[in-house]
Structure formats: C-alpha cells, structure tokens
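Colleague: Below you'll find the structure I mean.
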Amino acid sequence: MYLKMKEGNAELLAPAAKTVSSRMEVFYNPVMKLNRDLSVALLKAVGKKRMRIADPLAGTGIRGIRFIRELPKSQIEYVLINDKNPKAYSLINRNLRLNKVKPGKAVVTRKDASMSLLEHGPFDYIDIDPFGFPGPFIDAAVKALARNGILAVTATDTAALCGTYPKVCRRNYWAEPMHGPMMYETGLRILIRRVQLGAAGYEKALIPLFSYSRDHYMRVFLRCESGAKKADDVVSMQLHACIP
C-alpha cells in the first residue's frame, strides 16, 4: 500500500511503513527530508548550468524528482534515477508521472548502483545515500565524477564512525575512531578521508565543500579537482594529519 504525500515542491507515492528499514518494499525515509533539502540548496548555490545528475540509490525517486521540480531549468541537463529493485523502478515511474516530469529530464534505470554510474557517466553531481556503509559505491562514484563535479556521500553507520564499533571502523574506513565529545567531528573527518583516498588512485582530489552530522547519519559534499599533483597534495595532508 502506498500513501500520497508531499515533500518540498514534489508529490510522491511512498510505502505506508510503520518503521523505516532496509526490508521496506521500496525504501523511503521521511526523516531524511533535511538531507534532500540541503542537496537542493547546495546545487542552487553552486549555480552550475546543464548539470548531469545521478541518484543511483533512488528508492521512491523523490530526490531526483525534487531536483527537477526545484532547481532552475537551466541547471539540469538530465537526472539519472536508478534503483535495482523492480518495485522501486515501477514506483519511480509512477512518481515521475504524478509530478508531470517531461520526457528527457529523467532517465530511469533498473541496474546495480555502481553499474548505472559507470554506464551513464560522467556526472556533474552524484548523490550516494545508501542504507549503512557507503564504501561499496565510492569507487564507481569517483570514476564517474566529472572534472569540477560534486560528490555527496551519506553514511548511516555512525556507530562505527563514532567509535562504538572500532573494529568495524578500522576495517571499513581504514581509520581509528574516537568515542567521546569529539566523536561526531572525528567521524566526519574519517568519512571525508575515506572518500578522498578512494579518489586519489584515479588522480582526483576531492575538496570538502560542506559537511554535517545529524540524527542517525553523517553527510559530506566534495568537489572534484583532477590531476596527479592535486591528488598527491590531498594524500600528503592525510599523512600529516595523524593525531598523537
């Protein structure tokens, strides 16, 4: 059963679920509205024209639809809205029709998230917003990110980033977390570092634009600068940022 609701300037059909979990028929988390609000606000502030945008883990498609409905038309060439779940794919198309999105503004695919990025890139903006650890999607995202593009990454595995599960953090993020007053600041720095190191091997330097921690997640936005020297500079900063 789907309920009709409104978020931002968009309408959507979303599952009538009592609890938010990865077992939902189609994933939608209303608590993440602020996450999506800030994505729209950041792209408005950047003001880049004719952007190719990718939301490879789309769920209901609400993020991509809000980009189309709320950003100036001149800013968008098209939005890739992807989800490998066949029920999500069907619901995305229903929500696009509900919002009267014109053909060509949205490209809807039903593929593995990483494959969708690699097959349709490069992109000027990629939004990685998974359930849990974002690591499996970082490699494809940095490969598909255009010069001067922006990569947004959400991590909801805050127990690892904040030091409750230090072994998980070491294994997934290649870093030592800190459980205490500075754990959210440290967690954001660990997330940024993980994404930056994933990009450096492709001679891409990811420069933080904005980051924050709220509720159950951490969120970072990074701009891509290309070149071995710039990537080396980022790696050098990481090597010299050790905490005694």
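Identifiers in this document derive from the order of the structure tokens: chains are assigned A, B, ..., residues are numbered from 1 separately in each chain, and ligands are numbered from 1 in order of occurrence.
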In stretch 3-220 of chain A, what's alpha helix (DSSP H) per DSSP? Answer as a PDB file with N, CA and C atoms, in the first residue's frame?
Modeller:
ATOM      1  N   LYS A  33      14.360  14.189   4.966  1.00  0.00           N
ATOM      2  CA  LYS A  33      13.927  15.352   4.182  1.00  0.00           C
ATOM      3  C   LYS A  33      14.967  16.463   4.231  1.00  0.00           C
ATOM      4  N   LEU A  34      15.524  16.752   5.423  1.00  0.00           N
ATOM      5  CA  LEU A  34      16.539  17.797   5.528  1.00  0.00           C
ATOM      6  C   LEU A  34      17.754  17.461   4.664  1.00  0.00           C
ATOM      7  N   ASN A  35      18.133  16.212   4.637  1.00  0.00           N
ATOM      8  CA  ASN A  35      19.230  15.760   3.775  1.00  0.00           C
ATOM      9  C   ASN A  35      18.966  16.184   2.334  1.00  0.00           C
ATOM     10  N   ARG A  36      17.756  15.935   1.878  1.00  0.00           N
ATOM     11  CA  ARG A  36      17.399  16.287   0.498  1.00  0.00           C
ATOM     12  C   ARG A  36      17.233  17.798   0.334  1.00  0.00           C
ATOM     13  N   ASP A  37      16.691  18.473   1.364  1.00  0.00           N
ATOM     14  CA  ASP A  37      16.586  19.940   1.317  1.00  0.00           C
ATOM     15  C   ASP A  37      17.954  20.580   1.087  1.00  0.00           C
ATOM     16  N   LEU A  38      18.955  20.111   1.826  1.00  0.00           N
ATOM     17  CA  LEU A  38      20.292  20.693   1.733  1.00  0.00           C
ATOM     18  C   LEU A  38      20.948  20.374   0.397  1.00  0.00           C
ATOM     19  N   SER A  39      20.642  19.208  -0.174  1.00  0.00           N
ATOM     20  CA  SER A  39      21.171  18.887  -1.507  1.00  0.00           C
ATOM     21  C   SER A  39      20.665  19.880  -2.539  1.00  0.00           C
ATOM     22  N   VAL A  40      19.377  20.170  -2.480  1.00  0.00           N
ATOM     23  CA  VAL A  40      18.787  21.146  -3.405  1.00  0.00           C
ATOM     24  C   VAL A  40      19.409  22.525  -3.167  1.00  0.00           C
ATOM     25  N   ALA A  41      19.532  22.924  -1.904  1.00  0.00           N
ATOM     26  CA  ALA A  41      20.077  24.249  -1.579  1.00  0.00           C
ATOM     27  C   ALA A  41      21.518  24.387  -2.055  1.00  0.00           C
ATOM     28  N   LEU A  42      22.315  23.343  -1.872  1.00  0.00           N
ATOM     29  CA  LEU A  42      23.719  23.423  -2.291  1.00  0.00           C
ATOM     30  C   LEU A  42      23.834  23.572  -3.803  1.00  0.00           C
ATOM     31  N   LEU A  43      23.052  22.805  -4.559  1.00  0.00           N
ATOM     32  CA  LEU A  43      23.141  22.910  -6.015  1.00  0.00           C
ATOM     33  C   LEU A  43      22.628  24.258  -6.505  1.00  0.00           C
ATOM     34  N   LYS A  44      21.632  24.814  -5.838  1.00  0.00           N
ATOM     35  CA  LYS A  44      21.188  26.169  -6.184  1.00  0.00           C
ATOM     36  C   LYS A  44      22.312  27.168  -5.956  1.00  0.00           C
ATOM     37  N   ALA A  45      23.020  27.023  -4.843  1.00  0.00           N
ATOM     38  CA  ALA A  45      24.110  27.949  -4.518  1.00  0.00           C
ATOM     39  C   ALA A  45      25.267  27.826  -5.496  1.00  0.00           C
ATOM     40  N   VAL A  46      25.556  26.597  -5.929  1.00  0.00           N
ATOM     41  CA  VAL A  46      26.643  26.380  -6.902  1.00  0.00           C
ATOM     42  C   VAL A  46      26.302  27.046  -8.231  1.00  0.00           C
ATOM     43  N   ILE A  62      12.346  10.328  -4.974  1.00  0.00           N
ATOM     44  CA  ILE A  62      11.997  11.669  -4.514  1.00  0.00           C
ATOM     45  C   ILE A  62      13.144  12.664  -4.663  1.00  0.00           C
ATOM     46  N   ARG A  63      14.387  12.242  -4.435  1.00  0.00           N
ATOM     47  CA  ARG A  63      15.496  13.197  -4.527  1.00  0.00           C
ATOM     48  C   ARG A  63      15.626  13.737  -5.955  1.00  0.00           C
ATOM     49  N   GLY A  64      15.667  12.837  -6.914  1.00  0.00           N
ATOM     50  CA  GLY A  64      15.800  13.264  -8.306  1.00  0.00           C
ATOM     51  C   GLY A  64      14.630  14.105  -8.770  1.00  0.00           C
ATOM     52  N   ILE A  65      13.433  13.733  -8.351  1.00  0.00           N
ATOM     53  CA  ILE A  65      12.241  14.499  -8.728  1.00  0.00           C
ATOM     54  C   ILE A  65      12.290  15.896  -8.120  1.00  0.00           C
ATOM     55  N   ARG A  66      12.756  15.999  -6.891  1.00  0.00           N
ATOM     56  CA  ARG A  66      12.874  17.325  -6.283  1.00  0.00           C
ATOM     57  C   ARG A  66      13.909  18.177  -7.010  1.00  0.00           C
ATOM     58  N   PHE A  67      15.007  17.581  -7.459  1.00  0.00           N
ATOM     59  CA  PHE A  67      15.968  18.346  -8.257  1.00  0.00           C
ATOM     60  C   PHE A  67      15.269  18.930  -9.489  1.00  0.00           C
ATOM     61  N   ILE A  68      14.509  18.108 -10.171  1.00  0.00           N
ATOM     62  CA  ILE A  68      13.841  18.547 -11.401  1.00  0.00           C
ATOM     63  C   ILE A  68      12.807  19.624 -11.106  1.00  0.00           C
ATOM     64  N   ARG A  69      12.062  19.471 -10.016  1.00  0.00           N
ATOM     65  CA  ARG A  69      10.997  20.410  -9.694  1.00  0.00           C
ATOM     66  C   ARG A  69      11.503  21.711  -9.068  1.00  0.00           C
ATOM     67  N   GLU A  70      12.646  21.664  -8.356  1.00  0.00           N
ATOM     68  CA  GLU A  70      13.044  22.805  -7.535  1.00  0.00           C
ATOM     69  C   GLU A  70      14.265  23.566  -8.038  1.00  0.00           C
ATOM     70  N   PRO A  86      12.925  -3.912  -8.606  1.00  0.00           N
ATOM     71  CA  PRO A  86      11.896  -3.724  -9.634  1.00  0.00           C
ATOM     72  C   PRO A  86      10.673  -2.963  -9.137  1.00  0.00           C
ATOM     73  N   LYS A  87      10.327  -3.122  -7.859  1.00  0.00           N
ATOM     74  CA  LYS A  87       9.180  -2.380  -7.319  1.00  0.00           C
ATOM     75  C   LYS A  87       9.514  -0.896  -7.212  1.00  0.00           C
ATOM     76  N   ALA A  88      10.760  -0.590  -6.846  1.00  0.00           N
ATOM     77  CA  ALA A  88      11.188   0.810  -6.803  1.00  0.00           C
ATOM     78  C   ALA A  88      11.181   1.408  -8.203  1.00  0.00           C
ATOM     79  N   TYR A  89      11.665   0.658  -9.181  1.00  0.00           N
ATOM     80  CA  TYR A  89      11.695   1.124 -10.572  1.00  0.00           C
ATOM     81  C   TYR A  89      10.282   1.494 -11.040  1.00  0.00           C
ATOM     82  N   SER A  90       9.333   0.641 -10.732  1.00  0.00           N
ATOM     83  CA  SER A  90       7.949   0.912 -11.115  1.00  0.00           C
ATOM     84  C   SER A  90       7.403   2.138 -10.401  1.00  0.00           C
ATOM     85  N   LEU A  91       7.712   2.260  -9.100  1.00  0.00           N
ATOM     86  CA  LEU A  91       7.197   3.396  -8.337  1.00  0.00           C
ATOM     87  C   LEU A  91       7.843   4.707  -8.773  1.00  0.00           C
ATOM     88  N   ILE A  92       9.122   4.674  -9.121  1.00  0.00           N
ATOM     89  CA  ILE A  92       9.788   5.881  -9.640  1.00  0.00           C
ATOM     90  C   ILE A  92       9.048   6.406 -10.864  1.00  0.00           C
ATOM     91  N   ASN A  93       8.711   5.521 -11.779  1.00  0.00           N
ATOM     92  CA  ASN A  93       7.994   5.942 -12.985  1.00  0.00           C
ATOM     93  C   ASN A  93       6.611   6.490 -12.650  1.00  0.00           C
ATOM     94  N   ARG A  94       5.936   5.903 -11.679  1.00  0.00           N
ATOM     95  CA  ARG A  94       4.637   6.432 -11.254  1.00  0.00           C
ATOM     96  C   ARG A  94       4.800   7.827 -10.652  1.00  0.00           C
ATOM     97  N   ASN A  95       5.847   8.021  -9.851  1.00  0.00           N
ATOM     98  CA  ASN A  95       6.056   9.333  -9.233  1.00  0.00           C
ATOM     99  C   ASN A  95       6.467  10.393 -10.247  1.00  0.00           C
ATOM    100  N   LEU A  96       7.184   9.986 -11.281  1.00  0.00           N
ATOM    101  CA  LEU A  96       7.516  10.935 -12.352  1.00  0.00           C
ATOM    102  C   LEU A  96       6.247  11.385 -13.077  1.00  0.00           C
ATOM    103  N   ARG A  97       5.353  10.457 -13.342  1.00  0.00           N
ATOM    104  CA  ARG A  97       4.083  10.817 -13.993  1.00  0.00           C
ATOM    105  C   ARG A  97       3.242  11.697 -13.068  1.00  0.00           C
ATOM    106  N   LEU A  98       3.249  11.388 -11.772  1.00  0.00           N
ATOM    107  CA  LEU A  98       2.488  12.169 -10.803  1.00  0.00           C
ATOM    108  C   LEU A  98       2.949  13.620 -10.791  1.00  0.00           C
ATOM    109  N   ALA A 113      23.713  -0.146  -8.624  1.00  0.00           N
ATOM    110  CA  ALA A 113      24.017   1.283  -8.499  1.00  0.00           C
ATOM    111  C   ALA A 113      25.344   1.650  -9.143  1.00  0.00           C
ATOM    112  N   SER A 114      26.379   0.872  -8.878  1.00  0.00           N
ATOM    113  CA  SER A 114      27.698   1.175  -9.440  1.00  0.00           C
ATOM    114  C   SER A 114      27.687   1.049 -10.954  1.00  0.00           C
ATOM    115  N   MET A 115      27.014   0.027 -11.465  1.00  0.00           N
ATOM    116  CA  MET A 115      26.947  -0.158 -12.920  1.00  0.00           C
ATOM    117  C   MET A 115      26.225   0.998 -13.591  1.00  0.00           C
ATOM    118  N   SER A 116      25.170   1.496 -12.943  1.00  0.00           N
ATOM    119  CA  SER A 116      24.431   2.622 -13.539  1.00  0.00           C
ATOM    120  C   SER A 116      25.323   3.845 -13.682  1.00  0.00           C
ATOM    121  N   LEU A 117      26.185   4.077 -12.690  1.00  0.00           N
ATOM    122  CA  LEU A 117      27.097   5.227 -12.740  1.00  0.00           C
ATOM    123  C   LEU A 117      28.139   5.050 -13.845  1.00  0.00           C
ATOM    124  N   LEU A 118      28.719   3.866 -13.923  1.00  0.00           N
ATOM    125  CA  LEU A 118      29.783   3.630 -14.897  1.00  0.00           C
ATOM    126  C   LEU A 118      29.262   3.645 -16.326  1.00  0.00           C
ATOM    127  N   GLU A 119      28.053   3.182 -16.537  1.00  0.00           N
ATOM    128  CA  GLU A 119      27.493   3.119 -17.892  1.00  0.00           C
ATOM    129  C   GLU A 119      26.992   4.466 -18.388  1.00  0.00           C
ATOM    130  N   HIS A 120      26.568   5.344 -17.465  1.00  0.00           N
ATOM    131  CA  HIS A 120      25.930   6.595 -17.891  1.00  0.00           C
ATOM    132  C   HIS A 120      26.756   7.842 -17.604  1.00  0.00           C
ATOM    133  N   GLY A 135      30.861   2.621   1.434  1.00  0.00           N
ATOM    134  CA  GLY A 135      32.088   2.181   0.775  1.00  0.00           C
ATOM    135  C   GLY A 135      31.914   1.440  -0.534  1.00  0.00           C
ATOM    136  N   PRO A 136      30.950   0.495  -0.646  1.00  0.00           N
ATOM    137  CA  PRO A 136      30.827  -0.261  -1.899  1.00  0.00           C
ATOM    138  C   PRO A 136      30.545   0.578  -3.136  1.00  0.00           C
ATOM    139  N   PHE A 137      30.096   1.820  -2.951  1.00  0.00           N
ATOM    140  CA  PHE A 137      29.705   2.662  -4.082  1.00  0.00           C
ATOM    141  C   PHE A 137      30.721   3.767  -4.393  1.00  0.00           C
ATOM    142  N   ILE A 138      31.715   3.930  -3.534  1.00  0.00           N
ATOM    143  CA  ILE A 138      32.644   5.050  -3.686  1.00  0.00           C
ATOM    144  C   ILE A 138      33.495   4.913  -4.938  1.00  0.00           C
ATOM    145  N   ASP A 139      34.002   3.721  -5.216  1.00  0.00           N
ATOM    146  CA  ASP A 139      34.886   3.540  -6.362  1.00  0.00           C
ATOM    147  C   ASP A 139      34.197   3.938  -7.665  1.00  0.00           C
ATOM    148  N   ALA A 140      33.004   3.411  -7.906  1.00  0.00           N
ATOM    149  CA  ALA A 140      32.286   3.752  -9.137  1.00  0.00           C
ATOM    150  C   ALA A 140      31.924   5.236  -9.171  1.00  0.00           C
ATOM    151  N   ALA A 141      31.583   5.797  -8.007  1.00  0.00           N
ATOM    152  CA  ALA A 141      31.198   7.206  -7.971  1.00  0.00           C
ATOM    153  C   ALA A 141      32.350   8.119  -8.358  1.00  0.00           C
ATOM    154  N   VAL A 142      33.544   7.849  -7.828  1.00  0.00           N
ATOM    155  CA  VAL A 142      34.672   8.728  -8.166  1.00  0.00           C
ATOM    156  C   VAL A 142      35.090   8.527  -9.627  1.00  0.00           C
ATOM    157  N   LYS A 143      34.951   7.313 -10.156  1.00  0.00           N
ATOM    158  CA  LYS A 143      35.241   7.088 -11.574  1.00  0.00           C
ATOM    159  C   LYS A 143      34.291   7.873 -12.462  1.00  0.00           C
ATOM    160  N   ALA A 144      33.039   7.949 -12.052  1.00  0.00           N
ATOM    161  CA  ALA A 144      32.009   8.575 -12.888  1.00  0.00           C
ATOM    162  C   ALA A 144      31.872  10.073 -12.651  1.00  0.00           C
ATOM    163  N   THR A 158      26.833   5.230  11.858  1.00  0.00           N
ATOM    164  CA  THR A 158      27.506   6.144  12.778  1.00  0.00           C
ATOM    165  C   THR A 158      28.099   5.439  13.994  1.00  0.00           C
ATOM    166  N   ALA A 159      27.596   4.269  14.337  1.00  0.00           N
ATOM    167  CA  ALA A 159      28.183   3.532  15.467  1.00  0.00           C
ATOM    168  C   ALA A 159      29.636   3.177  15.190  1.00  0.00           C
ATOM    169  N   ALA A 160      29.949   2.879  13.923  1.00  0.00           N
ATOM    170  CA  ALA A 160      31.343   2.608  13.551  1.00  0.00           C
ATOM    171  C   ALA A 160      32.150   3.901  13.524  1.00  0.00           C
ATOM    172  N   LEU A 161      31.604   4.939  12.915  1.00  0.00           N
ATOM    173  CA  LEU A 161      32.332   6.199  12.776  1.00  0.00           C
ATOM    174  C   LEU A 161      32.551   6.900  14.117  1.00  0.00           C
ATOM    175  N   PRO A 166      34.862   0.010  17.018  1.00  0.00           N
ATOM    176  CA  PRO A 166      36.131   0.446  16.418  1.00  0.00           C
ATOM    177  C   PRO A 166      36.692  -0.528  15.384  1.00  0.00           C
ATOM    178  N   LYS A 167      36.489  -1.821  15.572  1.00  0.00           N
ATOM    179  CA  LYS A 167      36.998  -2.792  14.599  1.00  0.00           C
ATOM    180  C   LYS A 167      36.321  -2.620  13.244  1.00  0.00           C
ATOM    181  N   VAL A 168      35.029  -2.327  13.272  1.00  0.00           N
ATOM    182  CA  VAL A 168      34.291  -2.099  12.018  1.00  0.00           C
ATOM    183  C   VAL A 168      34.821  -0.848  11.330  1.00  0.00           C
ATOM    184  N   CYS A 169      35.101   0.191  12.111  1.00  0.00           N
ATOM    185  CA  CYS A 169      35.636   1.432  11.535  1.00  0.00           C
ATOM    186  C   CYS A 169      37.007   1.194  10.912  1.00  0.00           C
ATOM    187  N   ARG A 170      37.865   0.467  11.604  1.00  0.00           N
ATOM    188  CA  ARG A 170      39.195   0.176  11.051  1.00  0.00           C
ATOM    189  C   ARG A 170      39.079  -0.612   9.755  1.00  0.00           C
ATOM    190  N   ARG A 171      38.163  -1.564   9.732  1.00  0.00           N
ATOM    191  CA  ARG A 171      38.021  -2.427   8.562  1.00  0.00           C
ATOM    192  C   ARG A 171      37.407  -1.684   7.368  1.00  0.00           C
ATOM    193  N   ASN A 172      36.390  -0.877   7.631  1.00  0.00           N
ATOM    194  CA  ASN A 172      35.669  -0.215   6.537  1.00  0.00           C
ATOM    195  C   ASN A 172      36.244   1.145   6.150  1.00  0.00           C
ATOM    196  N   TYR A 173      36.762   1.870   7.139  1.00  0.00           N
ATOM    197  CA  TYR A 173      37.194   3.246   6.888  1.00  0.00           C
ATOM    198  C   TYR A 173      38.704   3.449   7.000  1.00  0.00           C
ATOM    199  N   MET A 183      33.447  12.850  18.933  1.00  0.00           N
ATOM    200  CA  MET A 183      33.251  11.687  18.058  1.00  0.00           C
ATOM    201  C   MET A 183      32.549  12.039  16.739  1.00  0.00           C
ATOM    202  N   TYR A 184      31.654  13.028  16.747  1.00  0.00           N
ATOM    203  CA  TYR A 184      30.968  13.375  15.501  1.00  0.00           C
ATOM    204  C   TYR A 184      31.894  14.134  14.556  1.00  0.00           C
ATOM    205  N   GLU A 185      32.678  15.052  15.117  1.00  0.00           N
ATOM    206  CA  GLU A 185      33.677  15.761  14.307  1.00  0.00           C
ATOM    207  C   GLU A 185      34.694  14.774  13.736  1.00  0.00           C
ATOM    208  N   THR A 186      35.159  13.868  14.592  1.00  0.00           N
ATOM    209  CA  THR A 186      36.129  12.874  14.134  1.00  0.00           C
ATOM    210  C   THR A 186      35.511  11.954  13.085  1.00  0.00           C
ATOM    211  N   GLY A 187      34.264  11.556  13.294  1.00  0.00           N
ATOM    212  CA  GLY A 187      33.584  10.690  12.338  1.00  0.00           C
ATOM    213  C   GLY A 187      33.464  11.327  10.961  1.00  0.00           C
ATOM    214  N   LEU A 188      33.148  12.610  10.922  1.00  0.00           N
ATOM    215  CA  LEU A 188      33.071  13.317   9.637  1.00  0.00           C
ATOM    216  C   LEU A 188      34.433  13.346   8.950  1.00  0.00           C
ATOM    217  N   ARG A 189      35.474  13.586   9.723  1.00  0.00           N
ATOM    218  CA  ARG A 189      36.822  13.616   9.152  1.00  0.00           C
ATOM    219  C   ARG A 189      37.215  12.234   8.612  1.00  0.00           C
ATOM    220  N   ILE A 190      36.818  11.190   9.315  1.00  0.00           N
ATOM    221  CA  ILE A 190      37.112   9.830   8.848  1.00  0.00           C
ATOM    222  C   ILE A 190      36.374   9.540   7.539  1.00  0.00           C
ATOM    223  N   LEU A 191      35.117   9.951   7.469  1.00  0.00           N
ATOM    224  CA  LEU A 191      34.336   9.744   6.244  1.00  0.00           C
ATOM    225  C   LEU A 191      34.952  10.513   5.074  1.00  0.00           C
ATOM    226  N   ILE A 192      35.308  11.774   5.303  1.00  0.00           N
ATOM    227  CA  ILE A 192      35.933  12.574   4.244  1.00  0.00           C
ATOM    228  C   ILE A 192      37.224  11.912   3.771  1.00  0.00           C
ATOM    229  N   ARG A 193      38.044  11.487   4.720  1.00  0.00           N
ATOM    230  CA  ARG A 193      39.323  10.846   4.382  1.00  0.00           C
ATOM    231  C   ARG A 193      39.111   9.587   3.543  1.00  0.00           C
ATOM    232  N   ARG A 194      38.128   8.787   3.938  1.00  0.00           N
ATOM    233  CA  ARG A 194      37.859   7.539   3.205  1.00  0.00           C
ATOM    234  C   ARG A 194      37.504   7.818   1.744  1.00  0.00           C
ATOM    235  N   VAL A 195      36.668   8.809   1.518  1.00  0.00           N
ATOM    236  CA  VAL A 195      36.268   9.141   0.145  1.00  0.00           C
ATOM    237  C   VAL A 195      37.448   9.735  -0.620  1.00  0.00           C
ATOM    238  N   GLN A 196      38.209  10.601   0.033  1.00  0.00           N
ATOM    239  CA  GLN A 196      39.367  11.210  -0.624  1.00  0.00           C
ATOM    240  C   GLN A 196      40.401  10.163  -1.047  1.00  0.00           C
ATOM    241  N   LEU A 197      40.689   9.212  -0.171  1.00  0.00           N
ATOM    242  CA  LEU A 197      41.670   8.181  -0.516  1.00  0.00           C
ATOM    243  C   LEU A 197      41.148   7.277  -1.626  1.00  0.00           C
ATOM    244  N   GLY A 198      39.851   7.044  -1.661  1.00  0.00           N
ATOM    245  CA  GLY A 198      39.278   6.261  -2.750  1.00  0.00           C
ATOM    246  C   GLY A 198      39.409   6.941  -4.098  1.00  0.00           C
ATOM    247  N   ALA A 199      39.455   8.280  -4.087  1.00  0.00           N
ATOM    248  CA  ALA A 199      39.560   9.043  -5.338  1.00  0.00           C
ATOM    249  C   ALA A 199      40.997   9.264  -5.783  1.00  0.00           C
ATOM    250  N   ALA A 200      41.934   9.274  -4.839  1.00  0.00           N
ATOM    251  CA  ALA A 200      43.314   9.654  -5.150  1.00  0.00           C
ATOM    252  C   ALA A 200      43.956   8.732  -6.179  1.00  0.00           C
TER     253      ALA A 200
END
Colleague: Looking only at strand (DSSP E) from DSSP on the backbone, list the matching residues of stretch 58-122 of chain A as a PyMOL selection string.
Modeller: chain A and resi 76-82+106-109
Colleague: What does the file look like for those residues with N, CA and C atoms, as a short mmCIF file (atom, residue, chain, number, x, y, z; two decimals), in the first residue's frame?
Modeller:
data_model
loop_
_atom_site.label_atom_id
_atom_site.label_comp_id
_atom_site.auth_asym_id
_atom_site.auth_seq_id
_atom_site.Cartn_x
_atom_site.Cartn_y
_atom_site.Cartn_z
N ILE A 76 19.75 21.90 -15.16
CA ILE A 76 19.67 20.45 -15.33
C ILE A 76 19.65 20.07 -16.81
N GLU A 77 20.60 19.21 -17.20
CA GLU A 77 20.51 18.55 -18.50
C GLU A 77 19.62 17.32 -18.36
N TYR A 78 19.95 16.46 -17.41
CA TYR A 78 19.06 15.34 -17.07
C TYR A 78 19.47 14.78 -15.71
N VAL A 79 18.55 14.02 -15.12
CA VAL A 79 18.80 13.35 -13.85
C VAL A 79 18.66 11.84 -14.06
N LEU A 80 19.71 11.10 -13.74
CA LEU A 80 19.64 9.64 -13.74
C LEU A 80 19.05 9.21 -12.41
N ILE A 81 17.94 8.49 -12.46
CA ILE A 81 17.27 7.98 -11.26
C ILE A 81 17.26 6.46 -11.37
N ASN A 82 18.02 5.81 -10.51
CA ASN A 82 18.24 4.37 -10.63
C ASN A 82 17.92 3.63 -9.33
N ALA A 106 14.42 13.11 -16.98
CA ALA A 106 14.78 12.00 -16.11
C ALA A 106 15.07 10.76 -16.95
N VAL A 107 16.16 10.08 -16.61
CA VAL A 107 16.50 8.79 -17.22
C VAL A 107 16.38 7.76 -16.11
N VAL A 108 15.44 6.85 -16.22
CA VAL A 108 15.18 5.87 -15.17
C VAL A 108 15.76 4.52 -15.57
N THR A 109 16.57 3.94 -14.69
CA THR A 109 17.20 2.64 -14.96
C THR A 109 16.99 1.71 -13.77
#
Colleague: Work out how far atom CA of A:Phe123 is from atom CA of A:Cys224, in Å to one decimal.
Modeller: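 The value is 11.0 Å.
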Colleague: State, in Å with one decimal place, the distance from atom CA of A:Phe131 to atom CA of A:Ile150.
Modeller: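 Value for the atom CA of A:Phe131-atom CA of A:Ile150 distance: 20.6 Å.
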Colleague: Please measure the separation of atom CA of A:Asp112 and atom CA of A:Thr154, giving the value in Å to one decimal.
Modeller: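 Value for the atom CA of A:Asp112-atom CA of A:Thr154 distance: 18.1 Å.
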